[in-house]
>>> print(open('work_7.txt').read())   # compact mmCIF, C-alpha atoms
# COMPACT_ATOMS: atom_id res chain seq x y z
CA MET A 1 0.00 0.00 0.00
CA ASP A 2 1.06 3.61 -0.63
CA PRO A 3 3.04 4.77 2.46
CA PHE A 4 0.80 7.79 2.80
CA ARG A 5 -2.45 5.78 2.83
CA ARG A 6 -0.91 3.31 5.25
CA ALA A 7 0.24 6.04 7.65
CA VAL A 8 -3.22 7.63 7.60
CA GLN A 9 -4.83 4.24 8.22
CA GLN A 10 -2.54 3.51 11.17
CA LEU A 11 -2.85 6.98 12.72
CA ALA A 12 -6.64 6.75 12.42
CA ARG A 13 -6.58 3.82 14.86
CA LEU A 14 -5.67 6.16 17.72
CA PRO A 15 -8.69 6.88 19.95
CA GLY A 16 -10.81 9.80 18.77
CA VAL A 17 -8.80 10.17 15.56
CA GLY A 18 -10.72 9.94 12.28
CA GLU A 19 -9.35 9.92 8.76
CA ARG A 20 -9.40 13.72 8.61
CA THR A 21 -7.24 14.18 11.71
CA ALA A 22 -4.98 11.30 10.68
CA THR A 23 -4.43 12.97 7.30
CA ARG A 24 -3.55 16.19 9.12
CA TYR A 25 -1.01 14.35 11.27
CA ALA A 26 0.52 12.68 8.19
CA TYR A 27 0.93 15.93 6.26
CA TRP A 28 2.39 17.54 9.35
CA LEU A 29 4.94 14.75 9.70
CA LEU A 30 5.90 15.17 6.04
CA ARG A 31 6.57 18.86 6.62
CA GLN A 32 8.93 18.21 9.58
CA SER A 33 12.51 17.02 9.46
CA PRO A 34 12.89 13.21 9.22
CA GLU A 35 14.15 13.12 12.84
CA VAL A 36 10.69 14.12 14.10
CA SER A 37 9.23 10.94 12.57
CA THR A 38 12.07 8.75 13.84
CA GLN A 39 11.83 10.12 17.36
CA LEU A 40 8.07 9.66 17.44
CA ALA A 41 8.31 6.10 16.08
CA ASP A 42 11.07 5.21 18.57
CA ALA A 43 9.08 6.61 21.48
CA ILE A 44 6.03 4.55 20.45
CA VAL A 45 8.02 1.32 20.21
CA ASN A 46 9.89 1.97 23.48
CA LEU A 47 6.63 2.76 25.23
CA ARG A 48 5.34 -0.72 24.50
CA THR A 49 8.60 -2.55 25.21
CA GLY A 50 9.74 -0.40 28.14
CA ILE A 51 6.53 -0.26 30.18
CA ARG A 52 5.13 -3.31 31.98
CA GLU A 53 2.71 -4.02 34.81
CA CYS A 54 4.24 -3.97 38.29
CA GLU A 55 3.99 -7.54 39.62
CA THR A 56 2.62 -6.27 42.93
CA CYS A 57 0.22 -3.39 42.25
CA CYS A 58 -0.35 -3.89 38.48
CA ASP A 59 0.32 -0.21 37.80
CA LEU A 60 2.16 0.51 34.55
CA SER A 61 5.81 1.25 35.13
CA PRO A 62 9.24 0.88 33.53
CA LEU A 63 10.27 -1.08 36.66
CA SER A 64 8.76 -4.03 38.54
CA PRO A 65 8.30 -3.59 41.44
CA CYS A 66 7.37 -0.02 40.54
CA LEU A 67 8.75 3.04 42.33
CA ARG A 68 5.69 3.33 44.61
CA CYS A 69 5.80 -0.35 45.63
CA ALA A 70 9.54 -0.01 46.34
CA ASP A 71 9.04 3.18 48.40
CA GLY A 72 9.61 2.22 52.06
CA LYS A 73 7.98 5.45 53.25
CA ARG A 74 4.58 4.36 51.93
CA ASP A 75 2.46 2.30 54.34
CA PRO A 76 2.46 -1.24 52.84
CA SER A 77 -0.65 -2.29 54.78
CA LEU A 78 -2.88 0.45 53.33
CA VAL A 79 -3.88 0.01 49.67
CA CYS A 80 -5.99 2.25 47.45
CA VAL A 81 -7.76 0.33 44.65
CA VAL A 82 -8.30 2.24 41.39
CA GLU A 83 -9.69 1.37 37.97
CA ARG A 84 -6.99 2.88 35.77
CA PRO A 85 -3.27 3.75 35.94
CA GLN A 86 -4.27 7.40 35.34
CA ASP A 87 -6.12 7.42 38.68
CA VAL A 88 -2.94 6.70 40.66
CA GLY A 89 -1.38 10.06 39.83
CA ALA A 90 -4.62 11.92 40.55
CA ILE A 91 -4.90 10.44 44.05
CA ASP A 92 -1.22 10.97 44.78
CA ALA A 93 -1.56 14.61 43.72
CA ALA A 94 -4.29 15.16 46.34
CA GLY A 95 -1.53 14.76 48.94
CA GLU A 96 -3.73 12.97 51.49
CA PHE A 97 -2.68 9.40 50.83
CA ARG A 98 0.67 7.82 51.78
CA GLY A 99 -0.15 4.15 51.22
CA ARG A 100 0.25 1.90 48.19
CA PHE A 101 -2.00 1.31 45.17
CA HIS A 102 -3.65 -1.48 43.27
CA VAL A 103 -4.75 -0.98 39.66
CA LEU A 104 -7.66 -3.16 38.49
CA HIS A 105 -7.33 -2.14 34.80
CA GLY A 106 -11.05 -1.69 34.36
CA ALA A 107 -14.39 -2.00 36.13
CA LEU A 108 -16.98 -4.77 36.03
CA SER A 109 -19.23 -4.31 33.02
CA PRO A 110 -20.97 -7.53 31.93
CA LEU A 111 -22.45 -5.82 28.85
CA ASP A 112 -18.93 -5.03 27.60
CA GLY A 113 -17.75 -8.54 28.47
CA ILE A 114 -15.67 -7.35 31.42
CA GLY A 115 -16.08 -9.83 34.28
CA PRO A 116 -13.92 -10.50 37.36
CA ASP A 117 -11.38 -12.45 35.27
CA GLN A 118 -10.60 -9.37 33.18
CA LEU A 119 -9.62 -7.35 36.27
CA ARG A 120 -6.46 -7.73 38.40
CA LEU A 121 -8.44 -9.23 41.29
CA ARG A 122 -6.34 -12.36 41.78
CA GLU A 123 -3.32 -10.11 42.32
CA LEU A 124 -5.27 -8.07 44.88
CA VAL A 125 -6.39 -11.15 46.82
CA ALA A 126 -2.77 -12.35 46.86
CA ARG A 127 -1.81 -9.14 48.69
CA ALA A 128 -4.62 -9.48 51.27
CA PRO A 129 -2.58 -11.22 54.02
CA ASP A 130 -0.34 -8.12 54.27
CA LEU A 131 -3.18 -5.59 54.27
CA ARG A 132 -4.85 -3.69 57.09
CA GLU A 133 -7.18 -1.53 55.03
CA VAL A 134 -8.27 -1.31 51.40
CA ILE A 135 -9.72 2.00 50.18
CA LEU A 136 -11.92 1.58 47.11
CA ALA A 137 -11.45 4.50 44.75
CA THR A 138 -13.46 3.23 41.77
CA ASP A 139 -15.50 5.75 39.78
CA PRO A 140 -18.88 6.89 41.19
CA ASP A 141 -20.88 5.29 38.34
CA VAL A 142 -22.72 2.00 37.86
CA GLU A 143 -19.60 0.03 36.88
CA GLY A 144 -17.51 1.58 39.63
CA ASP A 145 -20.17 0.95 42.28
CA THR A 146 -20.60 -2.66 41.15
CA THR A 147 -16.87 -3.23 41.19
CA ALA A 148 -16.55 -1.70 44.68
CA LEU A 149 -19.26 -4.01 46.04
CA TYR A 150 -17.66 -7.02 44.38
CA VAL A 151 -14.20 -6.27 45.80
CA ALA A 152 -15.66 -5.62 49.26
CA LYS A 153 -17.36 -9.04 49.24
CA LEU A 154 -14.16 -10.66 47.98
CA LEU A 155 -12.03 -9.21 50.77
CA ALA A 156 -14.53 -9.46 53.66
CA PRO A 157 -13.74 -13.12 54.53
CA LEU A 158 -10.00 -12.33 54.44
CA GLY A 159 -10.17 -9.99 57.44
CA VAL A 160 -9.30 -6.80 55.58
CA LYS A 161 -11.06 -3.57 56.49
CA VAL A 162 -12.66 -2.16 53.32
CA THR A 163 -13.62 1.52 52.94
CA ARG A 164 -14.75 3.62 50.01
CA LEU A 165 -13.99 7.21 49.01
CA ALA A 166 -16.63 9.65 50.27
CA HIS A 167 -19.00 11.07 47.66
CA GLY A 168 -20.81 14.34 48.00
CA LEU A 169 -20.53 17.94 46.97
CA ALA A 170 -17.39 18.82 45.07
CA VAL A 171 -15.45 21.52 46.90
CA GLY A 172 -16.55 24.91 45.56
CA THR A 173 -19.90 23.70 44.23
CA ALA A 174 -22.85 25.93 45.12
CA ILE A 175 -25.74 23.78 46.37
CA GLU A 176 -27.98 25.52 43.85
CA PHE A 177 -25.93 24.13 40.99
CA ALA A 178 -24.97 20.72 42.40
CA ASP A 179 -26.18 17.72 40.38
CA ARG A 180 -28.90 15.60 41.96
CA ALA A 181 -26.79 12.46 42.32
CA SER A 182 -24.01 14.26 44.22
CA LEU A 183 -26.56 16.00 46.44
CA ALA A 184 -28.23 12.66 47.24
CA ARG A 185 -24.86 11.14 48.14
CA ALA A 186 -23.97 14.19 50.26
CA LEU A 187 -27.18 13.73 52.26
CA GLN A 188 -26.63 9.99 52.73
CA GLY A 189 -23.06 10.60 53.87
CA ARG A 190 -23.75 13.56 56.17
CA LEU A 191 -21.48 13.85 59.22
CA PRO A 192 -22.09 15.25 62.74
CA LEU A 193 -20.65 18.73 63.28
CA MET B 194 13.70 9.48 30.47
CA ASP B 195 10.83 7.19 31.48
CA PRO B 196 9.44 5.63 28.26
CA PHE B 197 5.95 6.79 29.18
CA ARG B 198 6.94 10.44 29.67
CA ARG B 199 8.93 10.34 26.47
CA ALA B 200 6.05 8.86 24.44
CA VAL B 201 3.66 11.52 25.79
CA GLN B 202 6.18 14.25 24.98
CA GLN B 203 6.62 12.98 21.41
CA LEU B 204 2.91 12.43 20.75
CA ALA B 205 2.18 15.93 22.08
CA ARG B 206 4.21 17.37 19.17
CA LEU B 207 1.49 16.34 16.71
CA PRO B 208 -0.62 19.32 15.61
CA GLY B 209 -3.55 20.07 17.92
CA VAL B 210 -2.44 17.43 20.44
CA GLY B 211 -1.81 18.59 24.00
CA GLU B 212 -0.42 16.64 26.92
CA ARG B 213 -3.89 15.40 27.85
CA THR B 214 -4.61 13.88 24.44
CA ALA B 215 -1.05 12.54 24.17
CA THR B 216 -1.49 10.79 27.52
CA ARG B 217 -4.73 9.28 26.24
CA TYR B 218 -2.97 7.99 23.10
CA ALA B 219 -0.15 6.52 25.23
CA TYR B 220 -2.49 4.67 27.59
CA TRP B 221 -4.47 3.42 24.61
CA LEU B 222 -1.30 2.06 22.97
CA LEU B 223 -0.39 0.29 26.22
CA ARG B 224 -3.78 -1.44 26.23
CA GLN B 225 -3.37 -2.76 22.67
CA SER B 226 -1.27 -5.70 21.53
CA PRO B 227 2.40 -4.83 20.85
CA GLU B 228 1.79 -5.21 17.09
CA VAL B 229 -0.41 -2.11 17.10
CA SER B 230 2.56 -0.03 18.29
CA THR B 231 4.98 -1.65 15.86
CA GLN B 232 2.65 -1.15 12.91
CA LEU B 233 2.06 2.48 13.80
CA ALA B 234 5.78 3.16 14.27
CA ASP B 235 6.63 1.43 10.97
CA ALA B 236 3.97 3.39 9.11
CA ILE B 237 5.34 6.67 10.51
CA VAL B 238 8.92 5.86 9.50
CA ASN B 239 7.89 4.60 6.05
CA LEU B 240 5.79 7.70 5.49
CA ARG B 241 8.87 9.89 5.81
CA THR B 242 11.22 7.63 3.85
CA GLY B 243 8.70 6.45 1.23
CA ILE B 244 7.13 9.77 0.24
CA ARG B 245 9.04 12.43 -1.71
CA GLU B 246 8.24 15.46 -3.84
CA CYS B 247 7.61 14.75 -7.50
CA GLU B 248 10.46 16.43 -9.44
CA THR B 249 7.98 17.95 -11.90
CA CYS B 250 4.88 19.07 -9.98
CA CYS B 251 6.29 18.98 -6.39
CA ASP B 252 3.25 17.00 -5.17
CA LEU B 253 4.00 14.41 -2.47
CA SER B 254 4.14 10.91 -3.91
CA PRO B 255 5.87 7.57 -3.46
CA LEU B 256 7.03 7.91 -7.08
CA SER B 257 8.80 10.64 -9.04
CA PRO B 258 7.45 11.53 -11.54
CA CYS B 259 4.17 11.02 -9.69
CA LEU B 260 1.20 9.11 -11.13
CA ARG B 261 -0.51 12.30 -12.32
CA CYS B 262 2.60 13.62 -14.09
CA ALA B 263 3.06 10.21 -15.73
CA ASP B 264 -0.59 10.04 -16.86
CA GLY B 265 -0.61 10.57 -20.63
CA LYS B 266 -4.35 11.27 -20.62
CA ARG B 267 -3.87 14.48 -18.65
CA ASP B 268 -3.24 17.60 -20.73
CA PRO B 269 0.45 18.48 -20.06
CA SER B 270 0.04 22.09 -21.20
CA LEU B 271 -2.66 22.95 -18.64
CA VAL B 272 -1.49 23.25 -15.04
CA CYS B 273 -3.47 24.00 -11.89
CA VAL B 274 -1.36 25.69 -9.17
CA VAL B 275 -2.33 24.89 -5.57
CA GLU B 276 -0.91 25.74 -2.15
CA ARG B 277 -0.96 22.28 -0.53
CA PRO B 278 -0.82 18.62 -1.58
CA GLN B 279 -4.26 18.22 0.03
CA ASP B 280 -5.74 20.59 -2.56
CA VAL B 281 -4.81 18.32 -5.47
CA GLY B 282 -7.23 15.60 -4.43
CA ALA B 283 -10.01 18.11 -3.79
CA ILE B 284 -9.74 19.58 -7.29
CA ASP B 285 -9.45 16.16 -8.92
CA ALA B 286 -12.58 15.06 -7.07
CA ALA B 287 -14.57 17.93 -8.62
CA GLY B 288 -14.22 16.04 -11.92
CA GLU B 289 -13.86 19.21 -14.05
CA PHE B 290 -10.11 19.26 -14.48
CA ARG B 291 -8.05 16.93 -16.66
CA GLY B 292 -4.73 18.77 -16.68
CA ARG B 293 -1.68 18.53 -14.43
CA PHE B 294 -0.88 20.16 -11.09
CA HIS B 295 1.79 22.21 -9.42
CA VAL B 296 2.07 22.31 -5.63
CA LEU B 297 3.65 25.47 -4.15
CA HIS B 298 3.86 24.07 -0.59
CA GLY B 299 2.57 27.26 0.99
CA ALA B 300 1.47 30.80 0.22
CA LEU B 301 3.36 34.08 0.47
CA SER B 302 3.19 35.38 4.02
CA PRO B 303 6.02 37.81 4.88
CA LEU B 304 4.94 37.96 8.54
CA ASP B 305 5.50 34.20 8.86
CA GLY B 306 8.80 34.43 6.99
CA ILE B 307 7.41 32.77 3.86
CA GLY B 308 8.77 34.54 0.81
CA PRO B 309 9.07 33.42 -2.84
CA ASP B 310 12.14 31.29 -2.02
CA GLN B 311 10.12 29.11 0.35
CA LEU B 312 7.62 28.19 -2.40
CA ARG B 313 8.20 25.86 -5.37
CA LEU B 314 8.22 28.77 -7.83
CA ARG B 315 11.53 27.98 -9.53
CA GLU B 316 10.10 24.56 -10.43
CA LEU B 317 6.96 26.21 -11.86
CA VAL B 318 8.95 28.65 -13.98
CA ALA B 319 11.00 25.72 -15.31
CA ARG B 320 7.78 24.16 -16.62
CA ALA B 321 6.59 27.39 -18.29
CA PRO B 322 7.97 26.65 -21.82
CA ASP B 323 5.63 23.62 -22.05
CA LEU B 324 2.55 25.41 -20.71
CA ARG B 325 -0.45 26.89 -22.47
CA GLU B 326 -2.48 27.91 -19.44
CA VAL B 327 -1.94 28.08 -15.69
CA ILE B 328 -5.00 28.08 -13.43
CA LEU B 329 -4.31 29.63 -10.03
CA ALA B 330 -6.21 27.74 -7.33
CA THR B 331 -4.72 29.38 -4.24
CA ASP B 332 -7.01 30.03 -1.27
CA PRO B 333 -9.34 33.06 -1.40
CA ASP B 334 -7.59 34.83 1.51
CA VAL B 335 -4.91 37.51 1.81
CA GLU B 336 -1.98 35.09 1.43
CA GLY B 337 -3.65 33.21 -1.44
CA ASP B 338 -4.53 36.42 -3.28
CA THR B 339 -1.00 37.78 -2.84
CA THR B 340 0.49 34.53 -4.08
CA ALA B 341 -1.82 34.45 -7.11
CA LEU B 342 -0.81 38.00 -8.10
CA TYR B 343 2.88 37.17 -7.64
CA VAL B 344 2.68 34.03 -9.78
CA ALA B 345 0.70 35.88 -12.47
CA LYS B 346 3.42 38.56 -12.69
CA LEU B 347 6.11 35.89 -12.77
CA LEU B 348 4.52 34.01 -15.66
CA ALA B 349 3.29 37.00 -17.71
CA PRO B 350 6.62 37.66 -19.51
CA LEU B 351 6.89 33.94 -20.35
CA GLY B 352 3.84 33.97 -22.61
CA VAL B 353 1.66 31.71 -20.47
CA LYS B 354 -2.05 32.45 -20.11
CA VAL B 355 -2.86 32.82 -16.40
CA THR B 356 -6.37 32.42 -15.00
CA ARG B 357 -7.77 32.15 -11.49
CA LEU B 358 -10.60 30.04 -10.03
CA ALA B 359 -13.88 31.93 -9.94
CA HIS B 360 -15.08 33.08 -6.53
CA GLY B 361 -18.66 33.76 -5.66
CA LEU B 362 -21.61 32.09 -4.04
CA ALA B 363 -21.03 28.51 -2.95
CA VAL B 364 -23.52 26.19 -4.67
CA GLY B 365 -26.54 25.81 -2.40
CA THR B 366 -25.95 29.04 -0.46
CA ALA B 367 -29.03 31.22 -0.01
CA ILE B 368 -28.19 34.85 -0.80
CA GLU B 369 -29.67 35.84 2.54
CA PHE B 370 -27.04 33.81 4.37
CA ALA B 371 -24.04 34.33 2.08
CA ASP B 372 -21.02 36.01 3.68
CA ARG B 373 -20.23 39.55 2.53
CA ALA B 374 -16.88 38.68 0.95
CA SER B 375 -18.36 35.93 -1.23
CA LEU B 376 -21.26 38.17 -2.23
CA ALA B 377 -18.87 40.97 -3.19
CA ARG B 378 -16.82 38.56 -5.31
CA ALA B 379 -20.00 37.18 -6.90
CA LEU B 380 -21.00 40.70 -7.98
CA GLN B 381 -17.54 41.53 -9.33
CA GLY B 382 -17.48 38.28 -11.30
CA ARG B 383 -21.07 38.42 -12.66
CA LEU B 384 -21.59 36.85 -16.10
CA PRO B 385 -24.07 37.70 -18.93
CA LEU B 386 -27.04 35.34 -19.10
>>> encode(input="work_7.txt", output="structure tokens")
Amino acid sequence: MDPFRRAVQQLARLPGVGERTATRYAYWLLRQSPEVSTQLADAIVNLRTGIRECETCCDLSPLSPCLRCADGKRDPSLVCVVERPQDVGAIDAAGEFRGRFHVLHGALSPLDGIGPDQLRLRELVARAPDLREVILATDPDVEGDTTALYVAKLLAPLGVKVTRLAHGLAVGTAIEFADRASLARALQGRLPL
Amino acid sequence: MDPFRRAVQQLARLPGVGERTATRYAYWLLRQSPEVSTQLADAIVNLRTGIRECETCCDLSPLSPCLRCADGKRDPSLVCVVERPQDVGAIDAAGEFRGRFHVLHGALSPLDGIGPDQLRLRELVARAPDLREVILATDPDVEGDTTALYVAKLLAPLGVKVTRLAHGLAVGTAIEFADRASLARALQGRLPL
């Protein structure tokens, strides 16, 4: 196939990229020096060969165990369970959590064919003997709620305390403009003053 | 550098791609089989090594002369001058033109540092002895208009007839909703019925 057509076809596989955007990328690459293409191609290949799942927490990392699992200053008995690798950085950035992580790589969604076997649950259960508390930080949607319940049931007989992130009003939200679901959760989770 | 950070950095160089989108692409690539990354990387490298400028018309093509320049059924004395390789396909698709092309690779724009030397004008002048008519199909904006005038002046002493695409109402546009510039051009270019 013509190298141009093939490049467009391959670039159009990226998420959210259609043929129009892929064509734009291809013409842009043709206008740059050849090194730009080589560097991009190298980075893409190295990404896939240089990043693996940490054998403990299943986060994506160039090292296994990853830097967080190897960090002695993080409480090894406190684990925050998230759906995606992206969530790890978000929770770390909040600055409230100094434990370790566990990445499920998805949430239960029978309609999409994602059952317990597709998630890193076996790896989580294997860590249970060393754990004091597991904080479930799955998304506040149907899949995330289902997954949280499933994990809680899985860990209950193993003597691990299971908690879930609080849901309620986002900081800075005026009650007038809060969505109904968040308001309902804020009422259910109200605390004594 | 961490292969993930480097991949995000490289992907974020693509036009219109910020760090957020680049991160999304990187995580997507990590979720696919390794072949997806290899195929994409190969296609990017082959794009740059497999596509060159046709020595006659300066269009981008895996071959030189390109397929259009080698097509004996296209009138070699009639040449349509466009700014970008993308424009060639658009004009061909209109089905009205059976001549050859010439791609300038840009339009005159002194503020962006694009002068006559940055365009493929020397290559166009070299073709002039074989040409009967040159149709200027640069964009109807300041840079395109300037470029059209410049090319017309360049070719005038060489005895080539120079024409420009008609501008006016787009087919299907109601006069009520036509933009002022198009309406002005439609009045200037009115034809006897």
>>> atom_distance(input="work_7.txt", atom1="atom CA of Leu358 of chain B", atom2="atom CA of Thr331 of chain B")
8.3 Å
>>> closest_residue(input="work_7.txt", among="A:Arg100, A:Arg84, A:Arg74, A:Arg68", to="chain B", atoms="all atoms listed in the file")
A:Arg84
>>> residues_around(input="work_7.txt", residues="Ala148 of chain A", least_positions_apart="4", cutoff="12 Å", atoms="only C-alpha atoms", output="list in words")
Cys80, Val81, Val82, Glu83, Leu104, Gly106, Ala107, Leu108, Pro116, Leu121, Val134, Ile135, Leu136, Ala137, Thr138, Asp139, Pro140, Asp141, Val142, Glu143, Gly144, Ala152, Lys153, Leu154, Leu155, Val162, Thr163, Arg164 and Leu165 of chain A
>>> interface_residues(input="work_7.txt", of="chain B", to="chain A", cutoff="9 Å", atoms="all atoms listed in the file", output="ChimeraX atom specification")
/B:195-204,206-208,216-223,226-227,229-245,253-255,278-279
>>> atom_distance(input="work_7.txt", atom1="atom CA of His167 of chain A", atom2="atom CA of Asp112 of chain A")
25.7 Å
>>> atom_distance(input="work_7.txt", atom1="atom CA of Ala321 of chain B", atom2="atom CA of Cys250 of chain B")
11.9 Å
>>> axis_aligned_box(input="work_7.txt", around="segment 80-83 of chain A", padding_each_side="3 Å", output="lines of an AutoDock Vina configuration file")
center_x = -7.8
center_y = 1.3
center_z = 42.7
size_x = 9.7
size_y = 7.9
size_z = 15.5
>>> closest_residue(input="work_7.txt", among="B:Arg378, B:Lys354, B:Arg213, B:Arg291", to="Lys266 of chain B", atoms="only C-alpha atoms")
B:Arg291
>>> residues_around(input="work_7.txt", residues="Arg315 of chain B", least_positions_apart="2", cutoff="12 Å", atoms="all atoms listed in the file", output="list of chain:residue names")
B:Glu248, B:Thr249, B:Cys250, B:Cys251, B:His295, B:Val296, B:Leu297, B:Pro309, B:Asp310, B:Gln311, B:Leu312, B:Arg313, B:Leu317, B:Val318, B:Ala319, B:Arg320, B:Ala321, B:Val344, B:Leu347, B:Leu348
